[in-house]
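upload_13.tsv (TSV, C-alpha atoms) appears below.
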chain	number	residue	atom	x	y	z
A	1	MET	CA	-15.44	-21.31	-24.94
A	2	THR	CA	-14.11	-24.78	-24.21
A	3	ARG	CA	-11.29	-24.81	-21.67
A	4	GLN	CA	-9.05	-27.56	-20.44
A	5	PRO	CA	-9.12	-28.10	-16.66
A	6	LEU	CA	-5.98	-27.31	-14.66
A	7	GLY	CA	-5.90	-29.15	-11.35
A	8	ILE	CA	-4.62	-26.88	-8.56
A	9	ALA	CA	-3.08	-27.71	-5.18
A	10	VAL	CA	-2.37	-25.04	-2.56
A	11	ILE	CA	0.34	-25.95	-0.06
A	12	GLY	CA	0.20	-23.81	3.08
A	13	TYR	CA	-3.14	-22.28	3.96
A	14	GLY	CA	-2.23	-19.16	5.90
A	15	TRP	CA	-2.97	-15.65	4.69
A	16	MET	CA	-0.90	-16.06	1.54
A	17	GLY	CA	-2.44	-19.45	0.81
A	18	ARG	CA	-5.85	-17.80	0.92
A	19	ALA	CA	-4.60	-15.02	-1.38
A	20	HIS	CA	-3.49	-17.60	-3.95
A	21	THR	CA	-6.79	-19.44	-3.56
A	22	HIS	CA	-8.74	-16.22	-4.17
A	23	ALA	CA	-6.68	-15.60	-7.29
A	24	HIS	CA	-7.29	-19.07	-8.72
A	25	SER	CA	-11.01	-18.73	-7.98
A	26	ARG	CA	-11.34	-15.32	-9.63
A	27	LEU	CA	-9.02	-15.88	-12.55
A	28	LEU	CA	-11.55	-16.51	-15.32
A	29	HIS	CA	-13.81	-13.70	-14.07
A	30	HIS	CA	-11.14	-11.22	-15.13
A	31	PHE	CA	-9.26	-13.12	-17.84
A	32	PRO	CA	-11.93	-15.12	-19.71
A	33	GLU	CA	-9.67	-15.48	-22.74
A	34	LEU	CA	-7.48	-18.01	-20.93
A	35	SER	CA	-7.74	-21.55	-22.29
A	36	LEU	CA	-7.07	-23.31	-18.96
A	37	ALA	CA	-9.61	-23.41	-16.14
A	38	PRO	CA	-8.15	-23.74	-12.61
A	39	GLN	CA	-9.89	-26.31	-10.42
A	40	LEU	CA	-9.24	-26.24	-6.66
A	41	LEU	CA	-8.60	-29.91	-5.96
A	42	VAL	CA	-6.22	-30.22	-2.99
A	43	VAL	CA	-5.25	-28.05	-0.04
A	44	ALA	CA	-2.35	-29.16	2.16
A	45	ASP	CA	-1.57	-27.81	5.61
A	46	PRO	CA	-0.56	-29.44	8.92
A	47	GLU	CA	-3.43	-27.71	10.80
A	48	PRO	CA	-6.78	-29.59	10.51
A	49	ASP	CA	-8.78	-26.45	11.36
A	50	ARG	CA	-7.26	-24.63	8.42
A	51	LEU	CA	-8.04	-27.51	6.10
A	52	ALA	CA	-11.67	-27.55	7.18
A	53	ASP	CA	-11.92	-23.81	6.61
A	54	ALA	CA	-10.38	-24.11	3.13
A	55	GLN	CA	-12.83	-26.77	2.08
A	56	ASP	CA	-15.80	-24.94	3.56
A	57	ARG	CA	-14.95	-21.59	1.99
A	58	TYR	CA	-13.54	-22.58	-1.37
A	59	GLY	CA	-14.71	-26.10	-2.05
A	60	PHE	CA	-11.38	-27.89	-2.30
A	61	VAL	CA	-12.13	-31.48	-3.21
A	62	ASP	CA	-9.50	-32.98	-0.90
A	63	ALA	CA	-7.47	-31.89	2.11
A	64	ARG	CA	-4.11	-33.29	3.21
A	65	THR	CA	-1.95	-32.74	6.28
A	66	LYS	CA	1.17	-33.81	4.34
A	67	TRP	CA	2.23	-31.90	1.26
A	68	GLN	CA	4.07	-34.96	-0.03
A	69	ASP	CA	0.69	-36.48	-0.93
A	70	VAL	CA	0.44	-33.97	-3.79
A	71	LEU	CA	3.55	-35.32	-5.51
A	72	THR	CA	1.88	-38.47	-6.83
A	73	ASP	CA	-1.55	-36.96	-7.42
A	74	GLU	CA	-1.96	-37.13	-11.19
A	75	ARG	CA	-4.91	-34.74	-11.09
A	76	ILE	CA	-2.64	-31.87	-10.08
A	77	GLY	CA	-1.00	-29.86	-12.84
A	78	ALA	CA	0.00	-26.75	-10.91
A	79	VAL	CA	0.86	-26.00	-7.30
A	80	SER	CA	0.78	-22.81	-5.23
A	81	ILE	CA	3.58	-23.01	-2.65
A	82	THR	CA	2.75	-20.66	0.21
A	83	ALA	CA	4.38	-22.54	3.08
A	84	PRO	CA	6.98	-20.93	5.41
A	85	ASN	CA	10.35	-19.96	3.95
A	86	PHE	CA	12.33	-22.92	5.28
A	87	LEU	CA	10.12	-25.30	3.29
A	88	HIS	CA	10.37	-23.48	-0.05
A	89	ARG	CA	13.38	-25.37	-1.37
A	90	GLU	CA	12.24	-28.85	-0.42
A	91	ILE	CA	8.70	-28.39	-1.71
A	92	GLY	CA	9.67	-26.38	-4.80
A	93	VAL	CA	12.29	-28.85	-6.00
A	94	ALA	CA	10.09	-31.87	-5.29
A	95	MET	CA	7.07	-30.44	-7.11
A	96	ALA	CA	9.10	-29.41	-10.15
A	97	GLU	CA	10.73	-32.84	-10.33
A	98	ALA	CA	7.26	-34.40	-10.12
A	99	GLY	CA	6.28	-32.43	-13.23
A	100	LYS	CA	4.08	-29.87	-11.48
A	101	HIS	CA	4.15	-26.22	-12.54
A	102	ILE	CA	4.87	-24.07	-9.47
A	103	TRP	CA	3.77	-20.64	-8.32
A	104	ILE	CA	5.94	-20.06	-5.27
A	105	GLU	CA	6.06	-17.17	-2.84
A	106	LYS	CA	9.15	-15.09	-2.33
A	107	PRO	CA	11.87	-15.21	-1.11
A	108	VAL	CA	12.09	-18.85	-2.33
A	109	GLY	CA	14.02	-20.28	0.58
A	110	LEU	CA	16.43	-18.99	3.18
A	111	GLN	CA	19.41	-18.14	0.98
A	112	ALA	CA	20.50	-17.77	-2.61
A	113	ALA	CA	21.40	-21.46	-2.93
A	114	ASP	CA	17.79	-22.37	-2.17
A	115	ALA	CA	16.38	-20.11	-4.86
A	116	GLN	CA	18.94	-21.43	-7.32
A	117	ALA	CA	18.05	-25.04	-6.49
A	118	VAL	CA	14.36	-24.41	-7.23
A	119	ALA	CA	15.21	-22.49	-10.39
A	120	SER	CA	17.43	-25.34	-11.61
A	121	ALA	CA	14.74	-27.93	-10.87
A	122	VAL	CA	12.19	-25.93	-12.84
A	123	THR	CA	14.53	-25.63	-15.82
A	124	LEU	CA	15.60	-29.28	-15.80
A	125	SER	CA	12.02	-30.53	-15.41
A	126	GLY	CA	10.64	-28.34	-18.18
A	127	VAL	CA	7.84	-26.94	-16.02
A	128	GLN	CA	6.87	-23.30	-15.56
A	129	GLY	CA	7.77	-21.39	-12.40
A	130	ALA	CA	6.31	-18.11	-11.18
A	131	VAL	CA	7.31	-16.11	-8.09
A	132	GLY	CA	5.15	-13.92	-5.87
A	133	PHE	CA	6.70	-10.53	-6.55
A	134	ASN	CA	3.26	-8.98	-6.79
A	135	TYR	CA	4.04	-5.25	-6.57
A	136	ARG	CA	5.59	-5.20	-10.04
A	137	ASN	CA	2.12	-6.19	-11.34
A	138	ALA	CA	0.48	-2.90	-10.30
A	139	PRO	CA	-0.56	-1.11	-13.52
A	140	ALA	CA	1.01	2.13	-12.23
A	141	VAL	CA	4.34	0.37	-11.70
A	142	GLU	CA	4.22	-1.15	-15.16
A	143	HIS	CA	3.44	2.27	-16.63
A	144	ALA	CA	6.34	3.79	-14.70
A	145	ARG	CA	8.63	1.18	-16.21
A	146	SER	CA	7.40	1.95	-19.73
A	147	LEU	CA	8.00	5.68	-19.18
A	148	ILE	CA	11.52	5.03	-17.90
A	149	GLN	CA	12.34	2.76	-20.83
A	150	ALA	CA	10.94	5.33	-23.27
A	151	GLY	CA	13.25	8.00	-21.83
A	152	ALA	CA	10.40	10.17	-20.58
A	153	ILE	CA	12.39	11.28	-17.52
A	154	GLY	CA	15.77	11.20	-19.24
A	155	GLN	CA	18.65	9.17	-17.87
A	156	VAL	CA	17.82	7.75	-14.43
A	157	THR	CA	20.16	9.32	-11.88
A	158	ASN	CA	18.92	8.18	-8.46
A	159	ALA	CA	15.98	6.40	-6.85
A	160	SER	CA	14.69	5.47	-3.43
A	161	PHE	CA	12.64	2.42	-2.50
A	162	ARG	CA	10.84	1.96	0.81
A	163	LEU	CA	8.99	-0.94	2.41
A	164	LEU	CA	8.03	0.14	5.89
A	165	SER	CA	5.51	-1.76	8.00
A	166	ASP	CA	4.40	-2.03	11.62
A	167	TYR	CA	3.31	-5.67	11.66
A	168	ALA	CA	6.06	-6.59	14.14
A	169	ALA	CA	6.22	-3.28	16.01
A	170	HIS	CA	4.37	-4.52	19.11
A	171	PRO	CA	6.82	-6.01	21.63
A	172	GLN	CA	4.24	-8.72	22.39
A	173	GLY	CA	4.20	-9.82	18.74
A	174	ALA	CA	4.45	-13.61	18.72
A	175	LEU	CA	7.89	-15.19	18.15
A	176	SER	CA	6.83	-17.12	15.06
A	177	TRP	CA	9.07	-18.79	12.49
A	178	ARG	CA	9.55	-15.40	10.85
A	179	PHE	CA	11.90	-14.34	13.64
A	180	GLU	CA	14.11	-17.44	13.53
A	181	THR	CA	17.10	-17.67	11.19
A	182	GLU	CA	16.74	-21.42	10.59
A	183	ARG	CA	13.09	-21.15	9.53
A	184	GLY	CA	12.64	-17.52	8.43
A	185	GLY	CA	16.03	-16.64	7.02
A	186	PRO	CA	17.27	-13.03	7.15
A	187	GLY	CA	14.23	-11.36	8.72
A	188	VAL	CA	12.91	-8.25	7.06
A	189	LEU	CA	15.35	-8.80	4.19
A	190	GLY	CA	13.51	-11.88	2.97
A	191	ASP	CA	10.07	-10.60	3.91
A	192	LEU	CA	10.08	-7.04	2.54
A	193	ALA	CA	13.48	-6.14	1.08
A	194	SER	CA	13.13	-8.98	-1.43
A	195	HIS	CA	10.15	-7.09	-2.87
A	196	GLY	CA	12.21	-3.89	-2.89
A	197	VAL	CA	15.03	-5.55	-4.81
A	198	ASP	CA	12.57	-6.88	-7.37
A	199	LEU	CA	10.94	-3.47	-7.81
A	200	ALA	CA	14.35	-1.84	-8.21
A	201	ARG	CA	15.46	-4.37	-10.83
A	202	PHE	CA	12.09	-4.27	-12.62
A	203	LEU	CA	12.32	-0.50	-13.00
A	204	LEU	CA	16.03	0.21	-13.26
A	205	GLY	CA	17.86	-3.00	-14.19
A	206	ASP	CA	20.44	-5.05	-12.34
A	207	ILE	CA	22.15	-3.97	-9.13
A	208	ALA	CA	25.96	-4.01	-9.39
A	209	SER	CA	26.92	-3.50	-5.75
A	210	LEU	CA	25.59	-2.34	-2.40
A	211	VAL	CA	26.42	-1.44	1.17
A	212	ALA	CA	23.95	-2.20	3.95
A	213	GLU	CA	23.35	-2.00	7.66
A	214	THR	CA	20.75	-3.88	9.66
A	215	ALA	CA	19.37	-3.78	13.18
A	216	ILE	CA	17.19	-5.71	15.62
A	217	PHE	CA	15.08	-3.26	17.61
A	218	VAL	CA	12.83	-5.75	19.45
A	219	PRO	CA	15.35	-8.33	20.75
A	220	THR	CA	12.92	-10.67	22.55
A	221	ARG	CA	9.34	-11.77	21.92
A	222	PRO	CA	6.88	-14.14	23.61
A	223	ARG	CA	6.55	-17.61	22.15
A	224	PRO	CA	3.18	-18.39	20.52
A	225	THR	CA	0.85	-21.12	21.72
A	226	GLY	CA	-0.39	-21.99	18.22
A	227	THR	CA	-0.35	-20.84	14.61
A	228	GLY	CA	-1.12	-17.24	13.74
A	229	SER	CA	-0.65	-14.44	11.22
A	230	HIS	CA	1.98	-11.71	10.81
A	231	PHE	CA	0.06	-9.66	13.36
A	232	ALA	CA	-0.55	-12.25	16.10
A	233	LEU	CA	0.21	-11.27	19.71
A	234	ALA	CA	1.27	-13.67	22.44
A	235	ALA	CA	1.15	-11.56	25.61
A	236	GLY	CA	2.46	-13.38	28.67
A	237	GLY	CA	4.22	-16.15	26.78
A	238	GLU	CA	7.74	-17.33	27.50
A	239	LEU	CA	10.25	-14.91	25.99
A	240	GLY	CA	12.59	-16.03	23.24
A	241	THR	CA	15.35	-14.31	21.26
A	242	VAL	CA	14.72	-12.63	17.91
A	243	GLN	CA	17.42	-13.98	15.60
A	244	ASN	CA	17.01	-11.98	12.43
A	245	GLU	CA	16.78	-8.38	11.30
A	246	ASP	CA	13.96	-5.92	12.03
A	247	TYR	CA	15.44	-3.16	9.88
A	248	LEU	CA	17.55	-2.62	6.75
A	249	ASN	CA	19.11	0.49	5.27
A	250	CYS	CA	20.97	-0.02	2.00
A	251	LEU	CA	22.70	2.03	-0.69
A	252	LEU	CA	22.64	0.66	-4.24
A	253	ARG	CA	24.73	1.07	-7.38
A	254	PHE	CA	23.06	-0.10	-10.58
A	255	THR	CA	24.88	-1.41	-13.62
A	256	SER	CA	23.41	1.55	-15.54
A	257	GLY	CA	25.34	3.96	-13.31
A	258	ALA	CA	22.28	5.07	-11.38
A	259	ARG	CA	22.39	5.30	-7.60
A	260	GLY	CA	19.67	4.23	-5.18
A	261	SER	CA	18.62	3.48	-1.64
A	262	LEU	CA	16.41	0.79	-0.14
A	263	GLU	CA	14.92	0.97	3.36
A	264	ALA	CA	12.83	-1.79	4.89
A	265	SER	CA	11.37	-2.21	8.36
A	266	ARG	CA	8.87	-4.51	10.05
A	267	VAL	CA	8.80	-2.44	13.27
A	268	SER	CA	8.03	1.03	11.87
A	269	VAL	CA	5.34	2.41	14.19
A	270	GLY	CA	2.82	4.49	12.26
A	271	ASP	CA	3.62	2.86	8.93
A	272	GLN	CA	1.00	0.48	7.63
A	273	ASN	CA	2.30	-1.03	4.39
A	274	ASN	CA	4.15	2.14	3.45
A	275	TYR	CA	5.65	0.77	0.26
A	276	GLY	CA	6.74	2.72	-2.77
A	277	PHE	CA	9.47	4.46	-4.73
A	278	VAL	CA	10.70	7.75	-6.14
A	279	VAL	CA	12.76	7.66	-9.34
A	280	HIS	CA	14.64	10.74	-10.52
A	281	GLY	CA	15.94	11.21	-14.03
A	282	SER	CA	18.00	13.86	-15.73
A	283	ARG	CA	14.81	15.70	-16.70
A	284	GLY	CA	11.94	14.21	-14.73
A	285	MET	CA	10.62	12.23	-11.79
A	286	LEU	CA	8.17	9.39	-11.06
A	287	ALA	CA	6.75	8.38	-7.68
A	288	TRP	CA	4.36	5.65	-6.49
A	289	ASP	CA	2.78	4.70	-3.17
A	290	PHE	CA	1.24	1.24	-2.81
A	291	ARG	CA	-1.48	2.65	-0.55
A	292	ARG	CA	-2.59	4.85	-3.47
A	293	MET	CA	-2.00	2.12	-5.98
A	294	GLY	CA	-3.93	3.68	-8.83
A	295	GLU	CA	-1.93	6.92	-8.85
A	296	LEU	CA	1.43	7.67	-10.43
A	297	ILE	CA	3.09	10.99	-9.64
A	298	THR	CA	4.88	12.33	-12.71
A	299	SER	CA	7.09	15.31	-13.38
A	300	ILE	CA	7.85	15.25	-17.08
A	301	GLY	CA	8.88	18.15	-19.27
A	302	GLU	CA	11.75	20.43	-20.20
A	303	ASP	CA	11.63	22.96	-17.35
A	304	TYR	CA	14.07	21.26	-14.96
A	305	ILE	CA	13.70	24.01	-12.34
A	306	ASN	CA	10.27	24.43	-10.71
A	307	GLN	CA	8.87	21.74	-12.96
A	308	PRO	CA	5.46	20.74	-11.56
A	309	ALA	CA	4.50	17.23	-10.47
A	310	THR	CA	1.07	15.95	-11.42
A	311	THR	CA	-1.04	12.93	-10.51
A	312	LEU	CA	-1.86	10.45	-13.26
A	313	TYR	CA	-4.86	8.29	-12.43
A	314	ILE	CA	-4.26	4.85	-13.84
A	315	GLY	CA	-6.94	3.47	-16.16
A	316	PRO	CA	-7.59	1.29	-19.22
A	317	GLY	CA	-4.47	0.97	-21.32
A	318	HIS	CA	-2.18	0.77	-18.31
A	319	GLY	CA	-1.04	-2.77	-17.55
A	320	GLU	CA	-3.91	-5.13	-16.78
A	321	PHE	CA	-6.19	-2.43	-15.35
A	322	GLU	CA	-8.97	-3.00	-17.90
A	323	ALA	CA	-9.41	-6.60	-16.75
A	324	PHE	CA	-10.83	-5.21	-13.50
A	325	GLN	CA	-12.35	-1.75	-14.03
A	326	PRO	CA	-13.71	0.31	-16.95
A	327	GLY	CA	-12.45	3.78	-16.06
A	328	ALA	CA	-9.50	5.63	-14.60
A	329	GLY	CA	-9.42	6.44	-10.90
A	330	ILE	CA	-11.21	3.28	-9.72
A	331	PRO	CA	-8.61	1.71	-7.41
A	332	LEU	CA	-7.46	-1.89	-7.58
A	333	GLY	CA	-6.48	-3.84	-4.46
A	334	TYR	CA	-3.78	-6.21	-3.24
A	335	ASP	CA	-5.75	-9.33	-4.19
A	336	ASP	CA	-6.12	-8.00	-7.73
A	337	LEU	CA	-2.32	-8.04	-8.07
A	338	LYS	CA	-2.35	-11.74	-7.19
A	339	VAL	CA	-5.03	-12.36	-9.85
A	340	ILE	CA	-2.73	-10.72	-12.41
A	341	GLU	CA	0.09	-12.93	-11.14
A	342	ALA	CA	-2.10	-16.02	-11.51
A	343	ALA	CA	-3.07	-15.02	-15.05
A	344	ARG	CA	0.55	-14.73	-16.09
A	345	PHE	CA	1.36	-18.05	-14.45
A	346	VAL	CA	-1.44	-19.80	-16.35
A	347	SER	CA	-0.44	-18.06	-19.58
A	348	SER	CA	3.08	-19.42	-19.08
A	349	ILE	CA	1.70	-22.93	-18.71
A	350	THR	CA	-0.40	-22.49	-21.84
A	351	ASP	CA	2.28	-21.30	-24.25
A	352	GLY	CA	5.45	-22.51	-22.53
A	353	LYS	CA	6.88	-18.99	-22.34
A	354	SER	CA	7.61	-17.11	-19.12
A	355	HIS	CA	5.26	-14.26	-18.23
A	356	GLY	CA	5.74	-12.17	-15.10
A	357	ALA	CA	8.26	-12.75	-12.33
A	358	THR	CA	10.23	-16.00	-12.68
A	359	LEU	CA	12.62	-18.10	-10.62
A	360	ALA	CA	15.47	-16.22	-12.31
A	361	ASP	CA	14.12	-13.04	-10.72
A	362	ALA	CA	14.01	-14.83	-7.36
A	363	VAL	CA	17.67	-15.83	-7.75
A	364	HIS	CA	18.67	-12.24	-8.54
A	365	SER	CA	16.78	-11.00	-5.48
A	366	ALA	CA	18.30	-13.68	-3.26
A	367	ASN	CA	21.80	-12.80	-4.49
A	368	ALA	CA	21.20	-9.17	-3.50
A	369	LEU	CA	19.90	-10.20	-0.07
A	370	GLN	CA	22.99	-12.35	0.44
A	371	SER	CA	25.18	-9.37	-0.42
A	372	MET	CA	23.24	-7.29	2.11
A	373	VAL	CA	23.92	-9.83	4.85
A	374	GLU	CA	27.62	-9.85	3.98
A	375	SER	CA	27.82	-6.07	3.80
A	376	ALA	CA	26.05	-5.61	7.15
A	377	ALA	CA	28.61	-7.93	8.73
A	378	THR	CA	31.66	-6.26	7.18
A	379	GLY	CA	30.54	-2.65	6.68
A	380	SER	CA	31.86	-2.78	3.12
A	381	TRP	CA	30.52	-2.40	-0.38
A	382	VAL	CA	29.76	-5.86	-1.76
A	383	PRO	CA	29.15	-6.85	-5.42
A	384	VAL	CA	25.88	-8.53	-6.33
A	385	ALA	CA	26.16	-11.75	-8.31
A	386	GLY	CA	24.50	-11.69	-11.69
Output the file's structure as structure tokens, nothing else.
Amino acid sequence: MTRQPLGIAVIGYGWMGRAHTHAHSRLLHHFPELSLAPQLLVVADPEPDRLADAQDRYGFVDARTKWQDVLTDERIGAVSITAPNFLHREIGVAMAEAGKHIWIEKPVGLQAADAQAVASAVTLSGVQGAVGFNYRNAPAVEHARSLIQAGAIGQVTNASFRLLSDYAAHPQGALSWRFETERGGPGVLGDLASHGVDLARFLLGDIASLVAETAIFVPTRPRPTGTGSHFALAAGGELGTVQNEDYLNCLLRFTSGARGSLEASRVSVGDQNNYGFVVHGSRGMLAWDFRRMGELITSIGEDYINQPATTLYIGPGHGEFEAFQPGAGIPLGYDDLKVIEAARFVSSITDGKSHGATLADAVHSANALQSMVESAATGSWVPVAG
């Protein structure tokens, strides 16, 4: 099959930059029907050591310490934007205006205005924009959505969503940009709750209003001496103040009339990526745990009382599972979700139609996060902008 090359730049080569790079590299292994072939041409990051690693591992043709160099590079057709949150708006708008298709990580900036600015730039420039809401791509989640839409559990009555992690639980966790309002935005809201909002909307539709409370449980942290990951420690460093939220608890009202809750924490000791949901309907239930990604718990029938719950092992025919494995019960992994995301991004570029999570989804999520901030400050129910 003859494919047209698609020049790729990755801006920001931390963990998420590597995840995007993996996805571009593996894309045609799993989706050989695609007519565009990603080529890793440029990696941009301010840290020379990271650039050297990227070129050594993945064979990027060029490395740049300034992301602005990508703007005028005519070889580049699509850009992965995996830089810190405070750079999302500037980079996203600039790349879209330069005619580059963008695959940008959530939450797309620090506030709703940032996400809207990137979304508007994408629309006005006529490029495609994808957003890194990867959990919706799990085949079990997609199957849950199809069951809900088919009425398999009746009318949805209530649901709970959780995103609990321990990556910042250690009091010696480094005071990186993630803990600063000016560079990280609203803490765990942007980092984890944004995913929860997207999952809730993907499964149940728009959120009408909410009431939220937040808390900071680790008020000071040592300053880092260099760059690091989510999990980096900086024992003995000068202490600085944590400016944004460690924890969120939120009640939701959906436009459908359903009720829900969303809990997110980055300091939940004993929880390692404890992400998932339970959705109850008038005659059934669905539940999913990211750590058992290939399983969907279902309670479907007409018994109502004492109705059993069973485990469905996801397999071919569910979402994009068959692109990775031939039989049910063989688990997929986190990086596979990013490959699915990349495939939908490239498909969008190919046919000019949106596939997967878009900038519009990022705006909806950001609007909900903004309502959470307002509600936590006032203690009141707050509507969520459409």
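If only C-alpha atoms are the atoms counted, then among A:Ala152, A:Glu213, A:Leu248, A:Arg89 the closest residue to Glu302 in chain A is A:Ala152.
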Exercise. Which polymer residues have any atom within 9 Å of an atom of Ser299 in chain A, counting only C-alpha atoms, with same-chain residues fewer than 4 positions away left out, as a ChimeraX atom specification?
Worked result: /A:153,283-287,307-311
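With all atoms listed in the file as the atoms that count, the minimum distance from Gly184 in chain A to the choices A:Leu36, A:Val108, A:Val339, A:Val373 is reached by A:Val108.
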For this session: State, in Å with one decimal place, the distance from CA of Ile300 in chain A to CA of Leu312 in chain A.
Result: 11.5 Å
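Nearest to Tyr167 in chain A of all the residues A:Asn249, A:Asn273, A:Ser80, A:Thr225 is A:Asn273, counting only C-alpha atoms.
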With a cut-off of 12 Å, could you pull out the residues of range 59-134 of chain A touching range 195-205 of chain A and give me the nearest pair of atoms for each, distance in Å to one decimal, using all atoms listed in the file, ordered by chain and ascending number, as CSV?
residue,atom,partner,partner_atom,distance
A:Glu105,CA,A:His195,CA,10.9
A:Lys106,CA,A:His195,CA,8.1
A:Pro107,CA,A:His195,CA,8.5
A:Val108,CA,A:His195,CA,11.9
A:Val131,CA,A:Asp198,CA,10.6
A:Gly132,CA,A:His195,CA,9.0
A:Phe133,CA,A:His195,CA,6.1
A:Asn134,CA,A:His195,CA,8.1
Exercise. Looking at only C-alpha atoms, which of A:Leu210, A:Met95, A:Val269, A:Ala264 is the one that sits closest to Asp166 in chain A?
Worked result: A:Val269
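Using all atoms listed in the file for every distance, the candidate list A:Arg75, A:Arg3, A:His20, A:Arg178 yields A:Arg75 as the residue closest to Leu41 in chain A.
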Problem set entry | Exercise: range 45-47 of chain A partners within 10 Å, all atoms listed in the file, chain neighbours under 5 positions left out, as a ChimeraX atom specification | /A:10-14,17,52,54,63-67,82-83,226-227
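Of the listed residues (A:Tyr58, A:Leu147, A:His170, A:Ser165), A:Ser165 comes nearest to Ser268 in chain A; the distances count only C-alpha atoms.
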For this session: Considering only C-alpha atoms, return as a ChimeraX atom specification whatever protein or nucleic-acid residues lie within 10 Å of Pro331 in chain A, sequence-local ones (same chain, fewer than 6 positions apart) excluded.
Result: /A:291-295,313-315,321,324-325
Exercise. Which neighbours of Arg162 in chain A fall inside 8 Å, counting only C-alpha atoms, when residues of the same chain fewer than 5 positions from it are skipped, and could you give them as a PyMOL selection string?
Worked result: chain A and resi 196+262-264+274-277
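Between CA of His101 in chain A and CA of Glu182 in chain A the separation is 26.8 Å.
For the pair CA of Met1 in chain A and CA of Glu33 in chain A, the interatomic distance is 8.5 Å.
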Exercise. Within 10 Å of (21.7, 7.9, -15.6), all atoms listed in the file: residues as a ChimeraX atom specification?
Worked result: /A:154-158,204,254,256-259,280-282
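By only C-alpha atoms, and with residues fewer than 4 positions from Arg223 in chain A along its chain excluded, the set lying at most 7 Å from it is Ala174, Leu175, Ala234, Gly237, Glu238, Leu239 and Gly240 of chain A.
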